[in-house]
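Undergrad: The structure that follows is given in the form of structure tokens.
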Amino acid sequence: MYGWEMLSFNIHDGFLEAIVRGNRSGLLTAADYNNLCQCETLDDIKMHLTATEYGPYLQNEPSPLHTTTIVEKCTLKLVDEYKHMLCQATEPLSTFLQYITYGHMIDNVVLIVTGTLHERDVNELLEKCHPLGMFDSIASLAVAQNMHELYRLVLVDTPLAPYFSECITSEDLDDMNIEIMRNTLYKAYLEDFYKFCQKLGGATAEIMCDLLSFEADRRAVNITINSIGTELTRDDRRKLYSNFGLLYPYGHEELAVCEDVDQVRGAMEKYPPYQSIFSRISYGESQMLDKAFYEEEVRRLCLSFEQQFHYAVFFAYIRLREQEIRNLMWISECVAQNQKSRVHDSVVFIF
């Protein structure tokens, strides 16, 4: 029952909630980003980051630095924090934390399969996989020729197995089928995570269902825009949309028949939360849509810390760290390629 969790929440989960709220105070501020954007070299970025919580992870890295090194070490900090929380967690928090990693598992599966299709080296692909989405048999993905083999040989023993029931076909893997597989898996994963959060009830259900609904709606918009001008039919497009969210079901019906970005905009402006997002973007500036969605997501994630006695803070913290790493990667790339005039284009300020 909503509100009653405060009586018993701290018995099992109070320590970890305190940990994650303490970790949140270590996120980079607007002042940090302004200083980073003025750096002239990657070594300058490293010097500034050594004064933050990333310091122990970067201080022993020799020059010359590369962007990949900075991103890798910052990701390592996130992984260490996640593993610490997972080791301390009891049910149902431990299951909730594991759900957070399933999206990375899906991305890793798609990365390995796509890379193998284009004859890339498996070890090189494994280095690019996200550490939170690794599982024991991931290297074996390279031997699969179709989705049935992918499931039977590798994924049947992973947490992703239940999500594959909707996309097992005997068709050979190609770029189009792999992208459909990714979105079908994400749909099944988000719906499963949504149901799990509903079962938890209380403030966790209230906040997480709102965050997951936003994620489902964003994916619906991205699927629509990316499938414009492709051979994907309207029915196929509709099947990739999650069966929940603010846009479900009437918004999905409108998105499924959109033929260009302006029609997508027209459909989305009927929903006040998304009207404010599209109002920031001029016509013809669809490339800025990702940043607008990220900014709205960060705003919602920060708001989740305003309430207590719920699990959404763990989800929010990990997502905010991932956004921070994306910011650092963009700033580092702009500095490394001497494109400082574009450094503010994709940076999303968190606090």
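Labels for the structure tokens follow display order: chains A, B, ..., residues from 1 in each chain, ligands from 1.
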Write out as a JSON list (two decimals) with C-alpha atoms, in the first residue's frame each polymer residue whose atoms come within 12 Å of Ala139 of chain A, counting only C-alpha atoms; drop sequence neighbours fewer than 4 positions from it.
TA:
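Full text of result_22.json as output:
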```
[["chain", "number", "residue", "atom", "x", "y", "z"],
["A", 108, "ASN", "CA", 25.84, -6.17, -26.40],
["A", 109, "VAL", "CA", 24.06, -9.03, -28.19],
["A", 111, "LEU", "CA", 26.78, -5.36, -31.20],
["A", 112, "ILE", "CA", 28.35, -8.83, -31.37],
["A", 113, "VAL", "CA", 25.89, -10.16, -33.97],
["A", 115, "GLY", "CA", 29.97, -7.03, -35.93],
["A", 116, "THR", "CA", 30.16, -10.72, -36.83],
["A", 121, "ASP", "CA", 37.15, -9.62, -34.93],
["A", 122, "VAL", "CA", 35.23, -11.04, -31.94],
["A", 123, "ASN", "CA", 37.83, -9.92, -29.38],
["A", 124, "GLU", "CA", 37.68, -6.38, -30.73],
["A", 125, "LEU", "CA", 33.88, -6.45, -30.42],
["A", 126, "LEU", "CA", 34.04, -7.78, -26.86],
["A", 127, "GLU", "CA", 36.19, -4.80, -25.86],
["A", 129, "CYS", "CA", 30.68, -4.22, -25.10],
["A", 134, "MET", "CA", 28.33, -8.97, -20.06],
["A", 135, "PHE", "CA", 27.43, -12.63, -19.51],
["A", 143, "VAL", "CA", 28.69, -18.64, -34.40],
["A", 144, "ALA", "CA", 24.95, -18.01, -34.85],
["A", 150, "LEU", "CA", 21.17, -17.45, -31.48],
["A", 153, "LEU", "CA", 23.12, -22.04, -28.62],
["A", 154, "VAL", "CA", 23.63, -19.02, -26.39],
["A", 155, "LEU", "CA", 20.73, -17.00, -25.05]]
```
Undergrad: Which neighbours of segment 56-65 of chain A fall inside 9 Å, counting only C-alpha atoms, when residues of the same chain fewer than 3 positions from it are skipped, and could you give them as an MDAnalysis selection string?
TA: chainID A and resid 42:43 46:47 49:50 52:53 68:70 73:74 76:77
Undergrad: I need the residues from that last selection saved to file as a PDB file, in the first residue's frame (with C-alpha atoms), if you can.
TA:
```pdb
ATOM      1  CA  LEU A  42      42.701  15.640 -22.955  1.00  0.00           C
ATOM      2  CA  ASP A  43      45.385  15.951 -20.265  1.00  0.00           C
ATOM      3  CA  LYS A  46      42.190  14.425 -16.868  1.00  0.00           C
ATOM      4  CA  MET A  47      43.662  17.038 -14.518  1.00  0.00           C
ATOM      5  CA  LEU A  49      38.636  15.016 -13.318  1.00  0.00           C
ATOM      6  CA  THR A  50      41.324  13.988 -10.801  1.00  0.00           C
ATOM      7  CA  THR A  52      36.401  14.634  -8.695  1.00  0.00           C
ATOM      8  CA  GLU A  53      35.354  11.099  -7.779  1.00  0.00           C
ATOM      9  CA  THR A  68      38.309   5.763 -25.151  1.00  0.00           C
ATOM     10  CA  THR A  69      40.559   5.602 -22.056  1.00  0.00           C
ATOM     11  CA  ILE A  70      38.630   8.361 -20.283  1.00  0.00           C
ATOM     12  CA  LYS A  73      37.786   4.444 -16.694  1.00  0.00           C
ATOM     13  CA  CYS A  74      34.648   6.470 -15.959  1.00  0.00           C
ATOM     14  CA  LEU A  76      34.645   1.291 -14.585  1.00  0.00           C
ATOM     15  CA  LYS A  77      33.678   3.559 -11.669  1.00  0.00           C
TER      16      LYS A  77
END
```
Undergrad: Would you mind listing what lies within 10 Å of Thr75 of chain A as JSON, numbers by chain, with only C-alpha atoms counted and same-chain residues fewer than 4 positions away left out?
TA: {"A": [54, 57, 69, 70, 71, 79, 80, 81, 130, 131, 132, 321, 322, 324, 325]}
Undergrad: I need the residue nearest Gly133 of chain A from this list: A:Tyr250, A:Phe305, A:Tyr189, A:Tyr99. Use only C-alpha atoms for the distance.
TA: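 Of A:Tyr250, A:Phe305, A:Tyr189, A:Tyr99, the one nearest Gly133 of chain A, counting only C-alpha atoms, is A:Tyr99.
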Undergrad: Given only C-alpha atoms as the basis, pick out the residue of A:Arg300, A:His252, A:His84, A:Lys195 nearest to Arg237 of chain A.
TA: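 Smallest distance to Arg237 of chain A is found for A:His252.
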Undergrad: Applying 9 Å and only C-alpha atoms, which residues near Tyr33 of chain A remain after dropping the ones on its own chain fewer than 2 positions away? List them as a list in words.
TA: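 Here the answer would be Leu28, Thr29, Ala30, Ala31, Asn35, Leu36, Cys37, Gln38, Asn327, Leu328, Ile331, Val347 and Phe349 of chain A.
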Undergrad: List every residue of segment 162-210 of chain A that DSSP, applied to the backbone, labels as alpha helix (DSSP H), and write the result as an NGL selection string.
TA: :A and (175-200 or 202-210)
Undergrad: Now that the selection is made, can you save its residues with N, CA and C atoms as a tab-separated table (two decimals), in the first residue's frame?
TA:
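Everything below was put into out_38.tsv:
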```
chain	number	residue	atom	x	y	z
A	175	ASP	N	21.19	-6.77	-41.50
A	175	ASP	CA	21.09	-5.52	-40.74
A	175	ASP	C	19.66	-5.19	-40.34
A	176	MET	N	18.71	-5.40	-41.26
A	176	MET	CA	17.31	-5.07	-40.99
A	176	MET	C	16.74	-5.98	-39.91
A	177	ASN	N	16.97	-7.30	-40.05
A	177	ASN	CA	16.45	-8.25	-39.07
A	177	ASN	C	17.06	-8.04	-37.69
A	178	ILE	N	18.33	-7.67	-37.65
A	178	ILE	CA	19.00	-7.45	-36.36
A	178	ILE	C	18.40	-6.24	-35.66
A	179	GLU	N	18.10	-5.18	-36.42
A	179	GLU	CA	17.51	-3.98	-35.81
A	179	GLU	C	16.09	-4.27	-35.32
A	180	ILE	N	15.34	-5.07	-36.08
A	180	ILE	CA	14.00	-5.47	-35.63
A	180	ILE	C	14.12	-6.31	-34.37
A	181	MET	N	15.12	-7.20	-34.33
A	181	MET	CA	15.34	-8.03	-33.15
A	181	MET	C	15.65	-7.15	-31.93
A	182	ARG	N	16.51	-6.14	-32.10
A	182	ARG	CA	16.85	-5.24	-30.99
A	182	ARG	C	15.59	-4.58	-30.42
A	183	ASN	N	14.75	-4.03	-31.30
A	183	ASN	CA	13.57	-3.31	-30.83
A	183	ASN	C	12.51	-4.23	-30.27
A	184	THR	N	12.41	-5.46	-30.79
A	184	THR	CA	11.47	-6.44	-30.24
A	184	THR	C	11.91	-6.86	-28.84
A	185	LEU	N	13.21	-7.07	-28.66
A	185	LEU	CA	13.74	-7.43	-27.34
A	185	LEU	C	13.53	-6.30	-26.35
A	186	TYR	N	13.79	-5.06	-26.77
A	186	TYR	CA	13.60	-3.91	-25.88
A	186	TYR	C	12.13	-3.78	-25.48
A	187	LYS	N	11.24	-4.02	-26.43
A	187	LYS	CA	9.80	-3.95	-26.13
A	187	LYS	C	9.45	-4.95	-25.04
A	188	ALA	N	9.88	-6.21	-25.21
A	188	ALA	CA	9.57	-7.26	-24.23
A	188	ALA	C	10.22	-6.95	-22.89
A	189	TYR	N	11.45	-6.44	-22.91
A	189	TYR	CA	12.17	-6.11	-21.68
A	189	TYR	C	11.47	-4.99	-20.91
A	190	LEU	N	11.10	-3.90	-21.61
A	190	LEU	CA	10.45	-2.76	-20.94
A	190	LEU	C	9.10	-3.16	-20.37
A	191	GLU	N	8.34	-3.99	-21.12
A	191	GLU	CA	7.03	-4.41	-20.62
A	191	GLU	C	7.19	-5.29	-19.38
A	192	ASP	N	8.20	-6.17	-19.38
A	192	ASP	CA	8.46	-7.03	-18.23
A	192	ASP	C	8.88	-6.21	-17.01
A	193	PHE	N	9.78	-5.26	-17.22
A	193	PHE	CA	10.26	-4.38	-16.15
A	193	PHE	C	9.10	-3.56	-15.59
A	194	TYR	N	8.23	-3.09	-16.47
A	194	TYR	CA	7.06	-2.29	-16.06
A	194	TYR	C	6.14	-3.11	-15.15
A	195	LYS	N	5.89	-4.37	-15.55
A	195	LYS	CA	5.02	-5.24	-14.73
A	195	LYS	C	5.66	-5.54	-13.38
A	196	PHE	N	6.98	-5.75	-13.38
A	196	PHE	CA	7.68	-6.02	-12.12
A	196	PHE	C	7.55	-4.82	-11.17
A	197	CYS	N	7.71	-3.61	-11.70
A	197	CYS	CA	7.60	-2.41	-10.86
A	197	CYS	C	6.17	-2.24	-10.35
A	198	GLN	N	5.19	-2.58	-11.18
A	198	GLN	CA	3.80	-2.50	-10.72
A	198	GLN	C	3.56	-3.44	-9.54
A	199	LYS	N	4.17	-4.63	-9.60
A	199	LYS	CA	4.01	-5.59	-8.50
A	199	LYS	C	4.65	-5.07	-7.21
A	200	LEU	N	5.74	-4.32	-7.32
A	200	LEU	CA	6.39	-3.78	-6.13
A	200	LEU	C	5.48	-2.79	-5.42
A	202	GLY	N	3.55	0.91	-4.29
A	202	GLY	CA	4.03	2.07	-3.55
A	202	GLY	C	4.69	3.13	-4.41
A	203	ALA	N	5.60	3.88	-3.80
A	203	ALA	CA	6.29	4.97	-4.51
A	203	ALA	C	7.15	4.42	-5.64
A	204	THR	N	7.71	3.21	-5.46
A	204	THR	CA	8.53	2.61	-6.53
A	204	THR	C	7.71	2.46	-7.80
A	205	ALA	N	6.49	1.91	-7.66
A	205	ALA	CA	5.62	1.72	-8.83
A	205	ALA	C	5.26	3.06	-9.46
A	206	GLU	N	4.91	4.03	-8.62
A	206	GLU	CA	4.49	5.34	-9.14
A	206	GLU	C	5.59	6.00	-9.97
A	207	ILE	N	6.80	6.05	-9.42
A	207	ILE	CA	7.89	6.77	-10.08
A	207	ILE	C	8.47	5.98	-11.23
A	208	MET	N	8.70	4.67	-11.02
A	208	MET	CA	9.32	3.85	-12.07
A	208	MET	C	8.40	3.70	-13.27
A	209	CYS	N	7.10	3.55	-13.04
A	209	CYS	CA	6.19	3.40	-14.18
A	209	CYS	C	6.19	4.67	-15.02
A	210	ASP	N	6.34	5.83	-14.38
A	210	ASP	CA	6.42	7.09	-15.13
A	210	ASP	C	7.72	7.14	-15.94
```
Undergrad: Any idea what's packed within 12 Å of Lys340 of chain A, counting only C-alpha atoms, ignoring anything in its chain fewer than 2 positions away? Could you give it as a list of chain:residue names?
TA: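 The residues that qualify are A:Leu36, A:Cys37, A:Gln38, A:Cys39, A:Glu40, A:Thr41, A:Trp330, A:Ile331, A:Ser332, A:Glu333, A:Cys334, A:Val335, A:Ala336, A:Gln337, A:Asn338, A:Arg342, A:Val343, A:His344, A:Asp345, A:Ser346.
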Undergrad: Residues as selected, all heavy atoms, written as a compact mmCIF listing (two decimals), in the first residue's frame, can you do that?
TA:
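The resulting file, out.txt, is reproduced below:
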```txt
# COMPACT_ATOMS: atom_id res chain seq x y z
N LEU A 36 35.36 21.97 -17.82
CA LEU A 36 35.77 20.94 -18.78
C LEU A 36 35.68 21.46 -20.22
O LEU A 36 36.52 21.13 -21.05
CB LEU A 36 34.90 19.69 -18.61
CG LEU A 36 35.16 18.85 -17.36
CD1 LEU A 36 34.04 17.83 -17.16
CD2 LEU A 36 36.50 18.12 -17.48
N CYS A 37 34.65 22.26 -20.48
CA CYS A 37 34.46 22.78 -21.84
C CYS A 37 35.55 23.79 -22.23
O CYS A 37 35.72 24.08 -23.42
CB CYS A 37 33.08 23.44 -21.97
SG CYS A 37 31.71 22.25 -21.92
N GLN A 38 36.29 24.30 -21.26
CA GLN A 38 37.36 25.25 -21.55
C GLN A 38 38.73 24.57 -21.67
O GLN A 38 39.72 25.24 -21.95
CB GLN A 38 37.41 26.30 -20.43
CG GLN A 38 36.18 27.21 -20.42
CD GLN A 38 36.13 28.09 -19.18
OE1 GLN A 38 37.13 28.27 -18.51
NE2 GLN A 38 34.95 28.63 -18.88
N CYS A 39 38.76 23.25 -21.47
CA CYS A 39 40.04 22.53 -21.56
C CYS A 39 40.56 22.54 -22.99
O CYS A 39 39.79 22.48 -23.96
CB CYS A 39 39.87 21.09 -21.07
SG CYS A 39 39.54 20.95 -19.30
N GLU A 40 41.90 22.59 -23.11
CA GLU A 40 42.53 22.63 -24.43
C GLU A 40 43.01 21.26 -24.89
O GLU A 40 43.11 21.00 -26.09
CB GLU A 40 43.74 23.59 -24.40
CG GLU A 40 43.38 25.04 -24.12
CD GLU A 40 42.59 25.67 -25.26
OE1 GLU A 40 42.73 25.20 -26.41
OE2 GLU A 40 41.82 26.62 -24.99
N THR A 41 43.30 20.37 -23.95
CA THR A 41 43.79 19.02 -24.29
C THR A 41 43.10 17.99 -23.40
O THR A 41 42.47 18.34 -22.39
CB THR A 41 45.31 18.91 -24.08
OG1 THR A 41 45.60 19.05 -22.68
CG2 THR A 41 46.06 19.97 -24.87
N TRP A 330 31.59 13.20 -25.24
CA TRP A 330 31.40 14.25 -26.25
C TRP A 330 32.42 15.37 -26.07
O TRP A 330 33.04 15.82 -27.04
CB TRP A 330 29.98 14.80 -26.15
CG TRP A 330 29.73 15.94 -27.10
CD1 TRP A 330 29.75 17.26 -26.81
CD2 TRP A 330 29.45 15.84 -28.50
NE1 TRP A 330 29.50 18.01 -27.93
CE2 TRP A 330 29.31 17.16 -28.99
CE3 TRP A 330 29.30 14.78 -29.39
CZ2 TRP A 330 29.02 17.44 -30.31
CZ3 TRP A 330 29.02 15.06 -30.72
CH2 TRP A 330 28.89 16.36 -31.16
N ILE A 331 32.61 15.82 -24.83
CA ILE A 331 33.57 16.90 -24.57
C ILE A 331 34.98 16.46 -24.97
O ILE A 331 35.73 17.21 -25.62
CB ILE A 331 33.53 17.31 -23.08
CG1 ILE A 331 32.19 17.96 -22.74
CG2 ILE A 331 34.68 18.27 -22.76
CD1 ILE A 331 31.97 18.17 -21.26
N SER A 332 35.35 15.23 -24.61
CA SER A 332 36.69 14.71 -24.94
C SER A 332 36.89 14.61 -26.44
O SER A 332 37.97 14.96 -26.95
CB SER A 332 36.89 13.33 -24.29
OG SER A 332 36.77 13.42 -22.88
N GLU A 333 35.87 14.15 -27.16
CA GLU A 333 35.98 14.05 -28.62
C GLU A 333 36.13 15.42 -29.25
O GLU A 333 36.93 15.61 -30.18
CB GLU A 333 34.75 13.33 -29.20
CG GLU A 333 34.74 11.83 -29.00
CD GLU A 333 35.75 11.11 -29.87
OE1 GLU A 333 36.44 11.77 -30.68
OE2 GLU A 333 35.90 9.88 -29.73
N CYS A 334 35.37 16.39 -28.77
CA CYS A 334 35.46 17.75 -29.33
C CYS A 334 36.84 18.35 -29.08
O CYS A 334 37.42 19.00 -29.97
CB CYS A 334 34.38 18.65 -28.70
SG CYS A 334 32.71 18.29 -29.28
N VAL A 335 37.39 18.12 -27.88
CA VAL A 335 38.73 18.64 -27.57
C VAL A 335 39.77 17.92 -28.41
O VAL A 335 40.67 18.56 -28.98
CB VAL A 335 39.02 18.47 -26.06
CG1 VAL A 335 40.49 18.77 -25.76
CG2 VAL A 335 38.12 19.39 -25.23
N ALA A 336 39.67 16.59 -28.53
CA ALA A 336 40.67 15.80 -29.26
C ALA A 336 40.68 16.16 -30.75
O ALA A 336 41.73 16.16 -31.39
CB ALA A 336 40.40 14.31 -29.09
N GLN A 337 39.49 16.49 -31.31
CA GLN A 337 39.39 16.80 -32.74
C GLN A 337 39.40 18.31 -33.02
O GLN A 337 39.10 18.74 -34.14
CB GLN A 337 38.11 16.18 -33.31
CG GLN A 337 38.11 14.65 -33.22
CD GLN A 337 36.82 14.04 -33.72
OE1 GLN A 337 36.11 14.65 -34.53
NE2 GLN A 337 36.50 12.86 -33.25
N ASN A 338 39.71 19.08 -31.97
CA ASN A 338 39.80 20.54 -32.12
C ASN A 338 38.51 21.15 -32.66
O ASN A 338 38.51 21.99 -33.57
CB ASN A 338 40.99 20.90 -33.04
CG ASN A 338 41.43 22.34 -32.83
OD1 ASN A 338 41.18 22.93 -31.77
ND2 ASN A 338 42.08 22.92 -33.83
N ARG A 342 31.76 23.22 -31.04
CA ARG A 342 30.58 22.34 -30.96
C ARG A 342 30.44 21.67 -29.61
O ARG A 342 29.58 20.81 -29.43
CB ARG A 342 30.68 21.26 -32.05
CG ARG A 342 30.72 21.80 -33.47
CD ARG A 342 30.67 20.66 -34.47
NE ARG A 342 29.50 19.84 -34.27
CZ ARG A 342 29.38 18.61 -34.74
NH1 ARG A 342 30.38 18.05 -35.40
NH2 ARG A 342 28.28 17.90 -34.52
N VAL A 343 31.26 22.07 -28.64
CA VAL A 343 31.34 21.31 -27.39
C VAL A 343 30.04 21.37 -26.59
O VAL A 343 29.71 20.43 -25.87
CB VAL A 343 32.53 21.81 -26.54
CG1 VAL A 343 32.22 23.13 -25.88
CG2 VAL A 343 32.97 20.78 -25.53
N HIS A 344 29.25 22.42 -26.77
CA HIS A 344 28.00 22.54 -26.02
C HIS A 344 26.81 21.91 -26.73
O HIS A 344 25.70 21.85 -26.18
CB HIS A 344 27.68 24.01 -25.72
CG HIS A 344 28.55 24.63 -24.67
ND1 HIS A 344 28.40 24.36 -23.32
CD2 HIS A 344 29.60 25.49 -24.76
CE1 HIS A 344 29.30 25.02 -22.62
NE2 HIS A 344 30.05 25.71 -23.46
N ASP A 345 27.01 21.41 -27.97
CA ASP A 345 25.90 20.91 -28.76
C ASP A 345 25.19 19.73 -28.12
O ASP A 345 23.96 19.60 -28.23
CB ASP A 345 26.39 20.51 -30.16
CG ASP A 345 26.73 21.72 -31.03
OD1 ASP A 345 26.54 22.84 -30.53
OD2 ASP A 345 27.16 21.54 -32.18
N SER A 346 25.94 18.83 -27.50
CA SER A 346 25.32 17.60 -26.98
C SER A 346 25.52 17.39 -25.49
O SER A 346 25.24 16.30 -24.98
CB SER A 346 25.89 16.38 -27.74
OG SER A 346 25.43 16.36 -29.05
```
Undergrad: Skip Ser94 of chain A itself and residues of its chain fewer than 4 positions away, then list as an MDAnalysis selection string all residues within 12 Å of it, counting only C-alpha atoms.
TA: chainID A and resid 12:13 16 82:90 98:101 311 314
Undergrad: Of the candidates A:Asp157, A:Ile11, A:Ile350, A:Glu231, which one gets nearest to Asp136 of chain A if we count only C-alpha atoms?
TA: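 Of A:Asp157, A:Ile11, A:Ile350, A:Glu231, the one nearest Asp136 of chain A is A:Asp157, counting only C-alpha atoms.
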